[in-house]
>>> print(open('data.cif').read())   # mmCIF, C-alpha atoms and all ligand atoms
data_start
#
loop_
_atom_site.group_PDB
_atom_site.id
_atom_site.type_symbol
_atom_site.label_atom_id
_atom_site.label_comp_id
_atom_site.auth_asym_id
_atom_site.auth_seq_id
_atom_site.Cartn_x
_atom_site.Cartn_y
_atom_site.Cartn_z
ATOM 1 C CA MET A 1 -2.135 15.683 -17.598
ATOM 2 C CA ARG A 2 0.134 18.255 -16.073
ATOM 3 C CA LEU A 3 3.392 17.423 -14.313
ATOM 4 C CA ILE A 4 4.071 19.333 -11.119
ATOM 5 C CA ARG A 5 7.447 19.091 -9.410
ATOM 6 C CA LEU A 6 7.329 21.765 -6.718
ATOM 7 C CA PRO A 7 5.281 21.376 -3.512
ATOM 8 C CA SER A 8 4.521 25.113 -3.600
ATOM 9 C CA GLU A 9 3.099 24.793 -7.121
ATOM 10 C CA MET A 10 1.074 21.741 -6.069
ATOM 11 C CA SER A 11 -0.398 23.673 -3.176
ATOM 12 C CA LEU A 12 -1.337 26.618 -5.378
ATOM 13 C CA TRP A 13 -3.031 24.367 -7.922
ATOM 14 C CA SER A 14 -5.058 22.639 -5.174
ATOM 15 C CA GLN A 15 -6.187 25.917 -3.646
ATOM 16 C CA GLN A 16 -7.322 27.158 -7.047
ATOM 17 C CA ALA A 17 -9.126 23.902 -7.868
ATOM 18 C CA ARG A 18 -10.931 23.993 -4.530
ATOM 19 C CA ALA A 19 -11.794 27.684 -4.954
ATOM 20 C CA ALA A 20 -13.300 26.790 -8.332
ATOM 21 C CA GLY A 21 -15.520 24.239 -6.588
ATOM 22 C CA GLN A 22 -13.766 21.149 -7.924
ATOM 23 C CA THR A 23 -13.458 17.970 -5.880
ATOM 24 C CA ILE A 24 -9.979 16.455 -5.724
ATOM 25 C CA GLY A 25 -9.080 12.772 -5.517
ATOM 26 C CA LEU A 26 -5.551 11.805 -4.509
ATOM 27 C CA VAL A 27 -3.728 8.555 -5.313
ATOM 28 C CA PRO A 28 -0.376 8.393 -3.521
ATOM 29 C CA THR A 29 2.189 6.060 -5.122
ATOM 30 C CA MET A 30 5.876 5.320 -5.239
ATOM 31 C CA GLY A 31 5.780 4.797 -9.000
ATOM 32 C CA CYS A 32 6.838 1.862 -11.109
ATOM 33 C CA PHE A 33 3.213 1.609 -12.140
ATOM 34 C CA HIS A 34 1.303 -1.617 -12.691
ATOM 35 C CA GLU A 35 -2.402 -2.406 -13.102
ATOM 36 C CA GLY A 36 -2.877 -2.078 -9.333
ATOM 37 C CA HIS A 37 -1.855 1.586 -9.457
ATOM 38 C CA LEU A 38 -3.914 2.210 -12.591
ATOM 39 C CA SER A 39 -7.045 0.732 -11.019
ATOM 40 C CA LEU A 40 -6.609 3.130 -8.069
ATOM 41 C CA MET A 41 -6.400 6.040 -10.526
ATOM 42 C CA ARG A 42 -9.540 4.858 -12.347
ATOM 43 C CA ARG A 43 -11.376 4.523 -9.054
ATOM 44 C CA ALA A 44 -10.379 8.048 -8.028
ATOM 45 C CA ALA A 45 -11.642 9.362 -11.384
ATOM 46 C CA THR A 46 -15.088 7.939 -10.607
ATOM 47 C CA LEU A 47 -15.151 9.693 -7.229
ATOM 48 C CA ALA A 48 -13.719 13.162 -7.859
ATOM 49 C CA ASP A 49 -13.667 15.877 -10.535
ATOM 50 C CA MET A 50 -9.876 16.123 -10.557
ATOM 51 C CA VAL A 51 -7.354 13.345 -9.923
ATOM 52 C CA VAL A 52 -3.904 13.986 -8.512
ATOM 53 C CA VAL A 53 -1.427 11.095 -8.566
ATOM 54 C CA SER A 54 1.655 11.571 -6.468
ATOM 55 C CA LEU A 55 4.809 9.739 -7.444
ATOM 56 C CA PHE A 56 7.339 9.890 -4.665
ATOM 57 C CA VAL A 57 9.697 7.242 -3.339
ATOM 58 C CA ASN A 58 9.529 8.370 0.249
ATOM 59 C CA PRO A 59 12.949 8.110 1.894
ATOM 60 C CA ILE A 60 11.656 8.322 5.464
ATOM 61 C CA GLN A 61 9.564 5.141 5.233
ATOM 62 C CA PHE A 62 12.549 2.927 4.443
ATOM 63 C CA GLY A 63 14.764 1.482 7.193
ATOM 64 C CA PRO A 64 18.554 1.738 6.900
ATOM 65 C CA GLU A 65 18.803 -1.880 5.712
ATOM 66 C CA GLU A 66 15.885 -1.601 3.269
ATOM 67 C CA ASP A 67 15.732 -1.049 -0.478
ATOM 68 C CA TYR A 68 15.355 2.758 -0.786
ATOM 69 C CA SER A 69 18.276 3.231 -3.161
ATOM 70 C CA ARG A 70 17.486 0.202 -5.271
ATOM 71 C CA TYR A 71 13.690 0.652 -5.239
ATOM 72 C CA PRO A 72 12.651 0.489 -8.939
ATOM 73 C CA ARG A 73 12.252 3.891 -10.586
ATOM 74 C CA ASP A 74 11.161 4.501 -14.163
ATOM 75 C CA PHE A 75 9.850 8.025 -14.458
ATOM 76 C CA GLU A 76 9.414 8.152 -18.244
ATOM 77 C CA ARG A 77 7.358 4.943 -18.307
ATOM 78 C CA ASP A 78 5.282 6.035 -15.310
ATOM 79 C CA ALA A 79 4.570 9.464 -16.801
ATOM 80 C CA ALA A 80 3.421 7.867 -20.078
ATOM 81 C CA MET A 81 1.185 5.360 -18.251
ATOM 82 C CA ALA A 82 -0.334 8.079 -16.053
ATOM 83 C CA ALA A 83 -0.926 10.327 -19.071
ATOM 84 C CA ALA A 84 -2.952 7.528 -20.679
ATOM 85 C CA GLU A 85 -5.321 7.568 -17.678
ATOM 86 C CA LYS A 86 -7.897 10.207 -16.822
ATOM 87 C CA ILE A 87 -5.716 12.052 -14.371
ATOM 88 C CA ASP A 88 -5.114 15.769 -14.120
ATOM 89 C CA ILE A 89 -1.902 16.119 -12.164
ATOM 90 C CA LEU A 90 1.164 13.961 -11.740
ATOM 91 C CA PHE A 91 2.923 15.336 -8.678
ATOM 92 C CA ALA A 92 6.513 14.117 -8.604
ATOM 93 C CA PRO A 93 8.567 16.128 -6.120
ATOM 94 C CA GLN A 94 12.257 15.701 -5.342
ATOM 95 C CA PRO A 95 13.100 14.273 -1.873
ATOM 96 C CA GLU A 96 14.904 17.452 -0.829
ATOM 97 C CA GLU A 97 11.815 19.492 -1.733
ATOM 98 C CA MET A 98 9.589 17.313 0.448
ATOM 99 C CA PHE A 99 11.987 16.940 3.366
ATOM 100 C CA ALA A 100 14.182 19.927 4.100
ATOM 101 C CA PRO A 101 17.420 18.863 5.830
ATOM 102 C CA ASP A 102 16.260 20.499 9.065
ATOM 103 C CA ASN A 103 12.786 18.866 9.174
ATOM 104 C CA LEU A 104 11.855 17.687 12.659
ATOM 105 C CA THR A 105 8.223 16.603 12.568
ATOM 106 C CA ARG A 106 6.839 13.055 12.462
ATOM 107 C CA ILE A 107 3.326 11.667 12.785
ATOM 108 C CA GLU A 108 3.124 8.602 14.927
ATOM 109 C CA VAL A 109 0.004 6.451 15.052
ATOM 110 C CA SER A 110 0.718 4.330 18.098
ATOM 111 C CA GLY A 111 -0.399 0.752 18.656
ATOM 112 C CA LEU A 112 -1.512 -0.009 15.113
ATOM 113 C CA THR A 113 2.067 0.467 13.919
ATOM 114 C CA ASP A 114 3.829 -1.851 16.391
ATOM 115 C CA VAL A 115 2.387 -5.083 15.022
ATOM 116 C CA LEU A 116 2.626 -7.119 11.791
ATOM 117 C CA CYS A 117 4.748 -5.190 9.242
ATOM 118 C CA GLY A 118 5.499 -2.524 11.854
ATOM 119 C CA LYS A 119 7.334 -5.076 13.975
ATOM 120 C CA SER A 120 9.888 -5.922 11.314
ATOM 121 C CA ARG A 121 9.925 -2.429 9.803
ATOM 122 C CA PRO A 122 10.333 -0.054 12.776
ATOM 123 C CA GLY A 123 9.591 3.546 11.790
ATOM 124 C CA HIS A 124 8.017 2.537 8.480
ATOM 125 C CA PHE A 125 4.461 3.613 9.251
ATOM 126 C CA THR A 126 5.620 6.817 10.911
ATOM 127 C CA GLY A 127 7.349 7.628 7.635
ATOM 128 C CA VAL A 128 4.214 6.724 5.689
ATOM 129 C CA ALA A 129 1.862 8.721 7.940
ATOM 130 C CA THR A 130 4.146 11.758 7.835
ATOM 131 C CA VAL A 131 4.494 11.851 4.055
ATOM 132 C CA VAL A 132 0.795 11.157 3.495
ATOM 133 C CA ALA A 133 -0.145 13.993 5.871
ATOM 134 C CA LYS A 134 2.113 16.289 3.844
ATOM 135 C CA LEU A 135 0.507 15.072 0.610
ATOM 136 C CA PHE A 136 -2.962 15.713 2.074
ATOM 137 C CA ASN A 137 -1.941 19.267 2.963
ATOM 138 C CA LEU A 138 -0.433 19.935 -0.456
ATOM 139 C CA THR A 139 -3.193 18.375 -2.573
ATOM 140 C CA MET A 140 -6.258 19.149 -0.412
ATOM 141 C CA PRO A 141 -8.222 16.069 -1.526
ATOM 142 C CA GLN A 142 -11.787 15.199 -0.485
ATOM 143 C CA ILE A 143 -10.991 11.551 -1.170
ATOM 144 C CA ALA A 144 -7.768 9.546 -1.242
ATOM 145 C CA VAL A 145 -7.546 6.022 -2.655
ATOM 146 C CA PHE A 146 -5.229 3.373 -1.211
ATOM 147 C CA GLY A 147 -4.824 -0.315 -2.020
ATOM 148 C CA GLU A 148 -6.070 -3.018 0.321
ATOM 149 C CA LYS A 149 -2.845 -4.881 -0.423
ATOM 150 C CA ASP A 150 -1.271 -2.602 2.179
ATOM 151 C CA PHE A 151 -4.082 -3.234 4.650
ATOM 152 C CA GLN A 152 -2.057 -2.082 7.658
ATOM 153 C CA GLN A 153 -1.226 1.191 5.916
ATOM 154 C CA LEU A 154 -4.935 1.615 5.230
ATOM 155 C CA ALA A 155 -5.831 1.045 8.898
ATOM 156 C CA VAL A 156 -3.091 3.422 10.085
ATOM 157 C CA LEU A 157 -4.067 6.196 7.661
ATOM 158 C CA LYS A 158 -7.777 5.894 8.419
ATOM 159 C CA ARG A 159 -6.898 6.321 12.058
ATOM 160 C CA MET A 160 -4.673 9.320 11.344
ATOM 161 C CA VAL A 161 -7.472 10.985 9.357
ATOM 162 C CA GLN A 162 -9.906 10.374 12.204
ATOM 163 C CA ASP A 163 -7.569 11.468 14.984
ATOM 164 C CA LEU A 164 -6.218 14.581 13.248
ATOM 165 C CA ASP A 165 -9.507 15.719 11.671
ATOM 166 C CA PHE A 166 -8.345 15.624 8.081
ATOM 167 C CA GLN A 167 -11.435 16.590 6.084
ATOM 168 C CA LEU A 168 -11.325 13.748 3.598
ATOM 169 C CA LYS A 169 -12.426 10.171 3.118
ATOM 170 C CA ILE A 170 -10.009 7.303 2.656
ATOM 171 C CA ILE A 171 -11.147 4.720 0.117
ATOM 172 C CA GLY A 172 -9.741 1.181 0.184
ATOM 173 C CA HIS A 173 -9.443 -0.496 -3.214
ATOM 174 C CA PRO A 174 -9.297 -4.296 -3.724
ATOM 175 C CA ILE A 175 -6.021 -6.053 -4.519
ATOM 176 C CA VAL A 176 -5.298 -6.409 -8.228
ATOM 177 C CA ARG A 177 -3.681 -9.749 -9.071
ATOM 178 C CA GLU A 178 -1.846 -11.290 -12.003
ATOM 179 C CA ALA A 179 -3.797 -13.960 -13.899
ATOM 180 C CA ASP A 180 -2.139 -16.657 -11.756
ATOM 181 C CA GLY A 181 -3.064 -14.956 -8.494
ATOM 182 C CA LEU A 182 0.159 -13.177 -7.561
ATOM 183 C CA ALA A 183 -0.679 -9.790 -6.061
ATOM 184 C CA MET A 184 0.789 -7.075 -8.267
ATOM 185 C CA SER A 185 3.697 -5.244 -6.683
ATOM 186 C CA SER A 186 6.513 -3.023 -7.870
ATOM 187 C CA ARG A 187 8.822 -5.407 -6.029
ATOM 188 C CA ASN A 188 7.754 -8.422 -8.130
ATOM 189 C CA ARG A 189 10.305 -7.377 -10.704
ATOM 190 C CA TYR A 190 13.081 -8.307 -8.259
ATOM 191 C CA LEU A 191 11.976 -11.956 -8.420
ATOM 192 C CA SER A 192 13.825 -14.542 -10.497
ATOM 193 C CA ARG A 193 11.712 -17.011 -12.457
ATOM 194 C CA GLU A 194 11.981 -19.624 -9.659
ATOM 195 C CA GLU A 195 11.283 -17.053 -6.963
ATOM 196 C CA ARG A 196 8.208 -15.851 -8.809
ATOM 197 C CA ARG A 197 6.919 -19.426 -8.850
ATOM 198 C CA SER A 198 7.490 -19.597 -5.079
ATOM 199 C CA ALA A 199 5.650 -16.304 -4.631
ATOM 200 C CA LEU A 200 2.472 -17.988 -5.864
ATOM 201 C CA SER A 201 2.362 -19.869 -2.559
ATOM 202 C CA LEU A 202 0.946 -16.745 -0.916
ATOM 203 C CA HIS A 203 -2.173 -16.778 -3.056
ATOM 204 C CA GLN A 204 -2.414 -20.550 -2.808
ATOM 205 C CA ALA A 205 -2.307 -20.274 0.978
ATOM 206 C CA ILE A 206 -5.171 -17.775 0.795
ATOM 207 C CA GLN A 207 -7.231 -20.139 -1.343
ATOM 208 C CA LEU A 208 -6.436 -23.067 0.929
ATOM 209 C CA SER A 209 -7.537 -21.250 4.056
ATOM 210 C CA ARG A 210 -10.644 -19.838 2.383
ATOM 211 C CA SER A 211 -11.776 -23.283 1.315
ATOM 212 C CA ALA A 212 -11.044 -24.612 4.810
ATOM 213 C CA VAL A 213 -13.299 -21.878 6.208
ATOM 214 C CA ARG A 214 -15.961 -22.771 3.647
ATOM 215 C CA GLU A 215 -15.748 -26.364 4.827
ATOM 216 C CA GLY A 216 -16.518 -25.211 8.340
ATOM 217 C CA ILE A 217 -13.100 -24.800 10.014
ATOM 218 C CA THR A 218 -13.365 -21.780 12.286
ATOM 219 C CA ASP A 219 -10.487 -22.497 14.640
ATOM 220 C CA VAL A 220 -7.882 -19.776 14.087
ATOM 221 C CA ASP A 221 -4.912 -21.885 15.241
ATOM 222 C CA GLN A 222 -5.899 -24.685 12.914
ATOM 223 C CA LEU A 223 -6.087 -22.270 9.988
ATOM 224 C CA LEU A 224 -2.753 -20.700 10.892
ATOM 225 C CA ASP A 225 -1.173 -24.187 11.021
ATOM 226 C CA LEU A 226 -2.570 -24.913 7.573
ATOM 227 C CA VAL A 227 -1.100 -21.744 6.080
ATOM 228 C CA THR A 228 2.225 -22.203 7.879
ATOM 229 C CA ALA A 229 2.524 -25.750 6.573
ATOM 230 C CA ARG A 230 1.748 -24.589 3.035
ATOM 231 C CA LEU A 231 4.390 -21.856 3.095
ATOM 232 C CA GLN A 232 6.958 -24.146 4.728
ATOM 233 C CA GLN A 233 6.668 -26.539 1.806
ATOM 234 C CA ASP A 234 8.826 -24.142 -0.167
ATOM 235 C CA ALA A 235 12.415 -23.783 1.026
ATOM 236 C CA ARG A 236 12.766 -20.439 -0.781
ATOM 237 C CA ILE A 237 10.181 -18.845 1.521
ATOM 238 C CA THR A 238 11.108 -17.322 4.864
ATOM 239 C CA THR A 239 8.068 -16.270 6.832
ATOM 240 C CA ASP A 240 8.052 -12.932 8.601
ATOM 241 C CA TYR A 241 4.518 -13.310 9.920
ATOM 242 C CA ILE A 242 1.297 -15.179 9.305
ATOM 243 C CA ALA A 243 -1.632 -13.753 11.225
ATOM 244 C CA ILE A 244 -5.394 -13.689 11.309
ATOM 245 C CA VAL A 245 -6.429 -10.252 12.496
ATOM 246 C CA ASP A 246 -9.368 -7.887 12.553
ATOM 247 C CA GLN A 247 -9.163 -5.858 9.356
ATOM 248 C CA TYR A 248 -9.849 -2.575 11.185
ATOM 249 C CA ASP A 249 -8.082 -2.699 14.540
ATOM 250 C CA LEU A 250 -5.487 -5.349 13.562
ATOM 251 C CA THR A 251 -5.956 -7.317 16.789
ATOM 252 C CA PRO A 252 -5.607 -11.112 16.575
ATOM 253 C CA LYS A 253 -8.883 -12.876 15.888
ATOM 254 C CA LYS A 254 -10.066 -15.649 18.166
ATOM 255 C CA ARG A 255 -12.851 -16.741 15.865
ATOM 256 C CA ILE A 256 -13.470 -16.336 12.158
ATOM 257 C CA ASP A 257 -15.967 -13.572 11.400
ATOM 258 C CA PRO A 258 -16.541 -11.279 8.398
ATOM 259 C CA ASN A 259 -13.696 -8.994 9.496
ATOM 260 C CA ALA A 260 -11.152 -11.823 9.886
ATOM 261 C CA LEU A 261 -8.215 -11.089 7.600
ATOM 262 C CA LEU A 262 -5.427 -13.527 6.829
ATOM 263 C CA ALA A 263 -2.240 -11.480 6.486
ATOM 264 C CA MET A 264 1.189 -12.729 5.507
ATOM 265 C CA ALA A 265 4.629 -11.264 4.959
ATOM 266 C CA VAL A 266 7.450 -13.378 3.597
ATOM 267 C CA LYS A 267 10.900 -13.032 2.155
ATOM 268 C CA ILE A 268 11.745 -14.815 -1.054
ATOM 269 C CA GLY A 269 15.452 -14.364 -1.662
ATOM 270 C CA THR A 270 15.992 -10.736 -0.731
ATOM 271 C CA THR A 271 12.490 -9.631 -1.751
ATOM 272 C CA ARG A 272 9.855 -8.931 0.869
ATOM 273 C CA LEU A 273 6.294 -9.680 -0.263
ATOM 274 C CA ILE A 274 2.963 -9.219 1.487
ATOM 275 C CA ASP A 275 -0.519 -10.489 0.757
ATOM 276 C CA ASN A 276 -3.847 -10.676 2.566
ATOM 277 C CA ALA A 277 -7.468 -11.618 2.177
ATOM 278 C CA LEU A 278 -10.676 -11.725 4.141
ATOM 279 C CA LEU A 279 -11.388 -15.350 4.999
ATOM 280 C CA LEU A 280 -15.168 -15.348 5.023
ATOM 281 C CA VAL A 281 -16.295 -14.560 1.494
HETATM 282 P P1 LIG B 301 3.165 1.717 -3.897
HETATM 283 O O1 LIG B 301 3.555 2.460 -5.141
HETATM 284 O O2 LIG B 301 3.609 0.307 -3.877
HETATM 285 O O3 LIG B 301 3.498 2.489 -2.650
HETATM 286 O O4 LIG B 301 1.581 1.641 -3.919
HETATM 287 C C1 LIG B 301 0.796 2.783 -4.128
HETATM 288 C C2 LIG B 301 -0.635 2.416 -3.835
HETATM 289 O O5 LIG B 301 -1.015 1.350 -4.700
HETATM 290 C C3 LIG B 301 -0.863 1.922 -2.414
HETATM 291 O O6 LIG B 301 -2.092 2.426 -1.939
HETATM 292 C C4 LIG B 301 -0.906 0.429 -2.576
HETATM 293 O O7 LIG B 301 -1.676 -0.226 -1.592
HETATM 294 C C5 LIG B 301 -1.565 0.304 -3.935
HETATM 295 N N1 LIG B 301 -1.268 -0.971 -4.561
HETATM 296 C C6 LIG B 301 -0.052 -1.544 -4.746
HETATM 297 N N2 LIG B 301 -0.194 -2.760 -5.312
HETATM 298 C C7 LIG B 301 -1.523 -2.963 -5.474
HETATM 299 C C8 LIG B 301 -2.316 -4.039 -5.991
HETATM 300 N N3 LIG B 301 -1.761 -5.150 -6.453
HETATM 301 N N4 LIG B 301 -3.647 -3.901 -5.995
HETATM 302 C C9 LIG B 301 -4.241 -2.779 -5.505
HETATM 303 N N5 LIG B 301 -3.555 -1.730 -5.007
HETATM 304 C C10 LIG B 301 -2.217 -1.825 -4.987
#
>>> encode(input="data.cif", output="structure tokens")
Amino acid sequence: MRLIRLPSEMSLWSQQARAAGQTIGLVPTMGCFHEGHLSLMRRAATLADMVVVSLFVNPIQFGPEEDYSRYPRDFERDAAMAAAEKIDILFAPQPEEMFAPDNLTRIEVSGLTDVLCGKSRPGHFTGVATVVAKLFNLTMPQIAVFGEKDFQQLAVLKRMVQDLDFQLKIIGHPIVREADGLAMSSRNRYLSREERRSALSLHQAIQLSRSAVREGITDVDQLLDLVTARLQQDARITTDYIAIVDQYDLTPKKRIDPNALLAMAVKIGTTRLIDNALLLV
């Protein structure tokens, strides 16, 4: 594995790899690696000759009140974990190298970014789309792998790729969970022992609603009530949203079908957690 710090060096490497006929798979991350990140890297290695993992805590996707400065960073650990995987390049640029002080350009994917997480995190997906477009330009991938945990990000980026004619395919990868069901997240390390126990409610709410669907409940409001009641049982949980939406266009579902996705965002203490699952499985 080679570490690249400079965007210009990244770009040169990608051009040479493409000229040599290699296919490139990109896995964008913000570091603080866990099994979720590693499974994305392994997936990319099955799909492309060369794997580039970017490690960049992107300042422009955090709101002023969000956790940019305290977002967990552990470069040495991440570099060692990445080196143990079959990846070729770890691209870890400095913020000032990615965003010159006089940068003016943003990519806005309208509509899809106003709902769900976009509602409580204004500007977040514009920051994500902009940095990912830059990463696509610098790494020239034919495929890029993203986690289904961030299902809205996946929908937004697929749309960006379609609308702006990026010549690559976005691959969604299933959520990797802890043995007890908690979706892995870099932010889980913020949780106290009690908060972590509360965080399990998200997965339990998924299981509850899935078994309700299996038992024949197809009324969306009834399912939403069930999930709301489950999350309200725990005083540590503040709900941001609970929604059942189409996994592709993110519009609210009226009836349960194979694309019906239960999506939740909550705050436990000061930590924001998200989780989601298709209901008909
Ligand atoms: P992050 O470093 O949190 O920005 O995540 C980098 C990539 O890993 C994104 O595509 C996430 O969706 C994905 N990811 C994060 N957590 C998980 C997980 N538990 N399972 C699968 N993918 C994940």
>>> resolve_selection(input="data.cif", expression="the PyMOL selection byres (((not hetatm)) within 10 of (chain B and resi 301))", output="PyMOL selection string")
chain A and resi 27-41+53-58+128+144-154+171-178+182-187+274-275
>>> write_last_selection(input="data.cif", atoms="C-alpha atoms", output="PDB file, in the frame of the given file")
ATOM      1  CA  VAL A  27      -3.728   8.555  -5.313  1.00  0.00           C
ATOM      2  CA  PRO A  28      -0.376   8.393  -3.521  1.00  0.00           C
ATOM      3  CA  THR A  29       2.189   6.060  -5.122  1.00  0.00           C
ATOM      4  CA  MET A  30       5.876   5.320  -5.239  1.00  0.00           C
ATOM      5  CA  GLY A  31       5.780   4.797  -9.000  1.00  0.00           C
ATOM      6  CA  CYS A  32       6.838   1.862 -11.109  1.00  0.00           C
ATOM      7  CA  PHE A  33       3.213   1.609 -12.140  1.00  0.00           C
ATOM      8  CA  HIS A  34       1.303  -1.617 -12.691  1.00  0.00           C
ATOM      9  CA  GLU A  35      -2.402  -2.406 -13.102  1.00  0.00           C
ATOM     10  CA  GLY A  36      -2.877  -2.078  -9.333  1.00  0.00           C
ATOM     11  CA  HIS A  37      -1.855   1.586  -9.457  1.00  0.00           C
ATOM     12  CA  LEU A  38      -3.914   2.210 -12.591  1.00  0.00           C
ATOM     13  CA  SER A  39      -7.045   0.732 -11.019  1.00  0.00           C
ATOM     14  CA  LEU A  40      -6.609   3.130  -8.069  1.00  0.00           C
ATOM     15  CA  MET A  41      -6.400   6.040 -10.526  1.00  0.00           C
ATOM     16  CA  VAL A  53      -1.427  11.095  -8.566  1.00  0.00           C
ATOM     17  CA  SER A  54       1.655  11.571  -6.468  1.00  0.00           C
ATOM     18  CA  LEU A  55       4.809   9.739  -7.444  1.00  0.00           C
ATOM     19  CA  PHE A  56       7.339   9.890  -4.665  1.00  0.00           C
ATOM     20  CA  VAL A  57       9.697   7.242  -3.339  1.00  0.00           C
ATOM     21  CA  ASN A  58       9.529   8.370   0.249  1.00  0.00           C
ATOM     22  CA  VAL A 128       4.214   6.724   5.689  1.00  0.00           C
ATOM     23  CA  ALA A 144      -7.768   9.546  -1.242  1.00  0.00           C
ATOM     24  CA  VAL A 145      -7.546   6.022  -2.655  1.00  0.00           C
ATOM     25  CA  PHE A 146      -5.229   3.373  -1.211  1.00  0.00           C
ATOM     26  CA  GLY A 147      -4.824  -0.315  -2.020  1.00  0.00           C
ATOM     27  CA  GLU A 148      -6.070  -3.018   0.321  1.00  0.00           C
ATOM     28  CA  LYS A 149      -2.845  -4.881  -0.423  1.00  0.00           C
ATOM     29  CA  ASP A 150      -1.271  -2.602   2.179  1.00  0.00           C
ATOM     30  CA  PHE A 151      -4.082  -3.234   4.650  1.00  0.00           C
ATOM     31  CA  GLN A 152      -2.057  -2.082   7.658  1.00  0.00           C
ATOM     32  CA  GLN A 153      -1.226   1.191   5.916  1.00  0.00           C
ATOM     33  CA  LEU A 154      -4.935   1.615   5.230  1.00  0.00           C
ATOM     34  CA  ILE A 171     -11.147   4.720   0.117  1.00  0.00           C
ATOM     35  CA  GLY A 172      -9.741   1.181   0.184  1.00  0.00           C
ATOM     36  CA  HIS A 173      -9.443  -0.496  -3.214  1.00  0.00           C
ATOM     37  CA  PRO A 174      -9.297  -4.296  -3.724  1.00  0.00           C
ATOM     38  CA  ILE A 175      -6.021  -6.053  -4.519  1.00  0.00           C
ATOM     39  CA  VAL A 176      -5.298  -6.409  -8.228  1.00  0.00           C
ATOM     40  CA  ARG A 177      -3.681  -9.749  -9.071  1.00  0.00           C
ATOM     41  CA  GLU A 178      -1.846 -11.290 -12.003  1.00  0.00           C
ATOM     42  CA  LEU A 182       0.159 -13.177  -7.561  1.00  0.00           C
ATOM     43  CA  ALA A 183      -0.679  -9.790  -6.061  1.00  0.00           C
ATOM     44  CA  MET A 184       0.789  -7.075  -8.267  1.00  0.00           C
ATOM     45  CA  SER A 185       3.697  -5.244  -6.683  1.00  0.00           C
ATOM     46  CA  SER A 186       6.513  -3.023  -7.870  1.00  0.00           C
ATOM     47  CA  ARG A 187       8.822  -5.407  -6.029  1.00  0.00           C
ATOM     48  CA  ILE A 274       2.963  -9.219   1.487  1.00  0.00           C
ATOM     49  CA  ASP A 275      -0.519 -10.489   0.757  1.00  0.00           C
TER      50      ASP A 275
END
>>> resolve_selection(input="data.cif", expression="the PyMOL selection byres (((chain A and resi 115) around 12) and not hetatm)", output="ChimeraX atom specification")
/A:109-114,116-125,152-153,155-156,240-243,245,249-252,263
>>> resolve_selection(input="data.cif", expression="the PyMOL selection byres (((chain A and resi 271) around 8) and not hetatm)", output="JSON list (two decimals) with C-alpha atoms, in the coordinates of the input")
[["chain", "number", "residue", "atom", "x", "y", "z"],
["A", 187, "ARG", "CA", 8.82, -5.41, -6.03],
["A", 190, "TYR", "CA", 13.08, -8.31, -8.26],
["A", 191, "LEU", "CA", 11.98, -11.96, -8.42],
["A", 267, "LYS", "CA", 10.90, -13.03, 2.15],
["A", 268, "ILE", "CA", 11.74, -14.82, -1.05],
["A", 269, "GLY", "CA", 15.45, -14.36, -1.66],
["A", 270, "THR", "CA", 15.99, -10.74, -0.73],
["A", 272, "ARG", "CA", 9.86, -8.93, 0.87],
["A", 273, "LEU", "CA", 6.29, -9.68, -0.26]]
>>> atom_distance(input="data.cif", atom1="CA of Ala83 in chain A", atom2="CA of Gln15 in chain A")
22.6 Å
>>> residues_around(input="data.cif", residues="range 205-215 of chain A", least_positions_apart="5", cutoff="9 Å", atoms="only C-alpha atoms", output="PyMOL selection string")
chain A and resi 200+223-224+226-228+230-231+256+262-263+275-281
>>> residues_around(input="data.cif", residues="Asp88 in chain A", least_positions_apart="3", cutoff="9 Å", atoms="all atoms listed in the file", output="VMD selection string")
chain A and resid 1 to 3 50 to 53 83 85
>>> axis_aligned_box(input="data.cif", around="range 142-151 of chain A", padding_each_side="6 Å", output="lines of an AutoDock Vina configuration file")
center_x = -6.5
center_y = 5.2
center_z = 1.0
size_x = 22.5
size_y = 32.1
size_z = 19.3
>>> atom_distance(input="data.cif", atom1="CA of Gln233 in chain A", atom2="CA of Val266 in chain A")
13.3 Å
>>> closest_residue(input="data.cif", among="A:Thr46, A:Gln61, A:Asn259, A:Thr239", to="Val132 in chain A", atoms="all atoms listed in the file")
A:Gln61
>>> closest_residue(input="data.cif", among="A:Val220, A:Tyr248, A:Ser198, A:Ala45", to="Ala235 in chain A", atoms="all atoms listed in the file")
A:Ser198
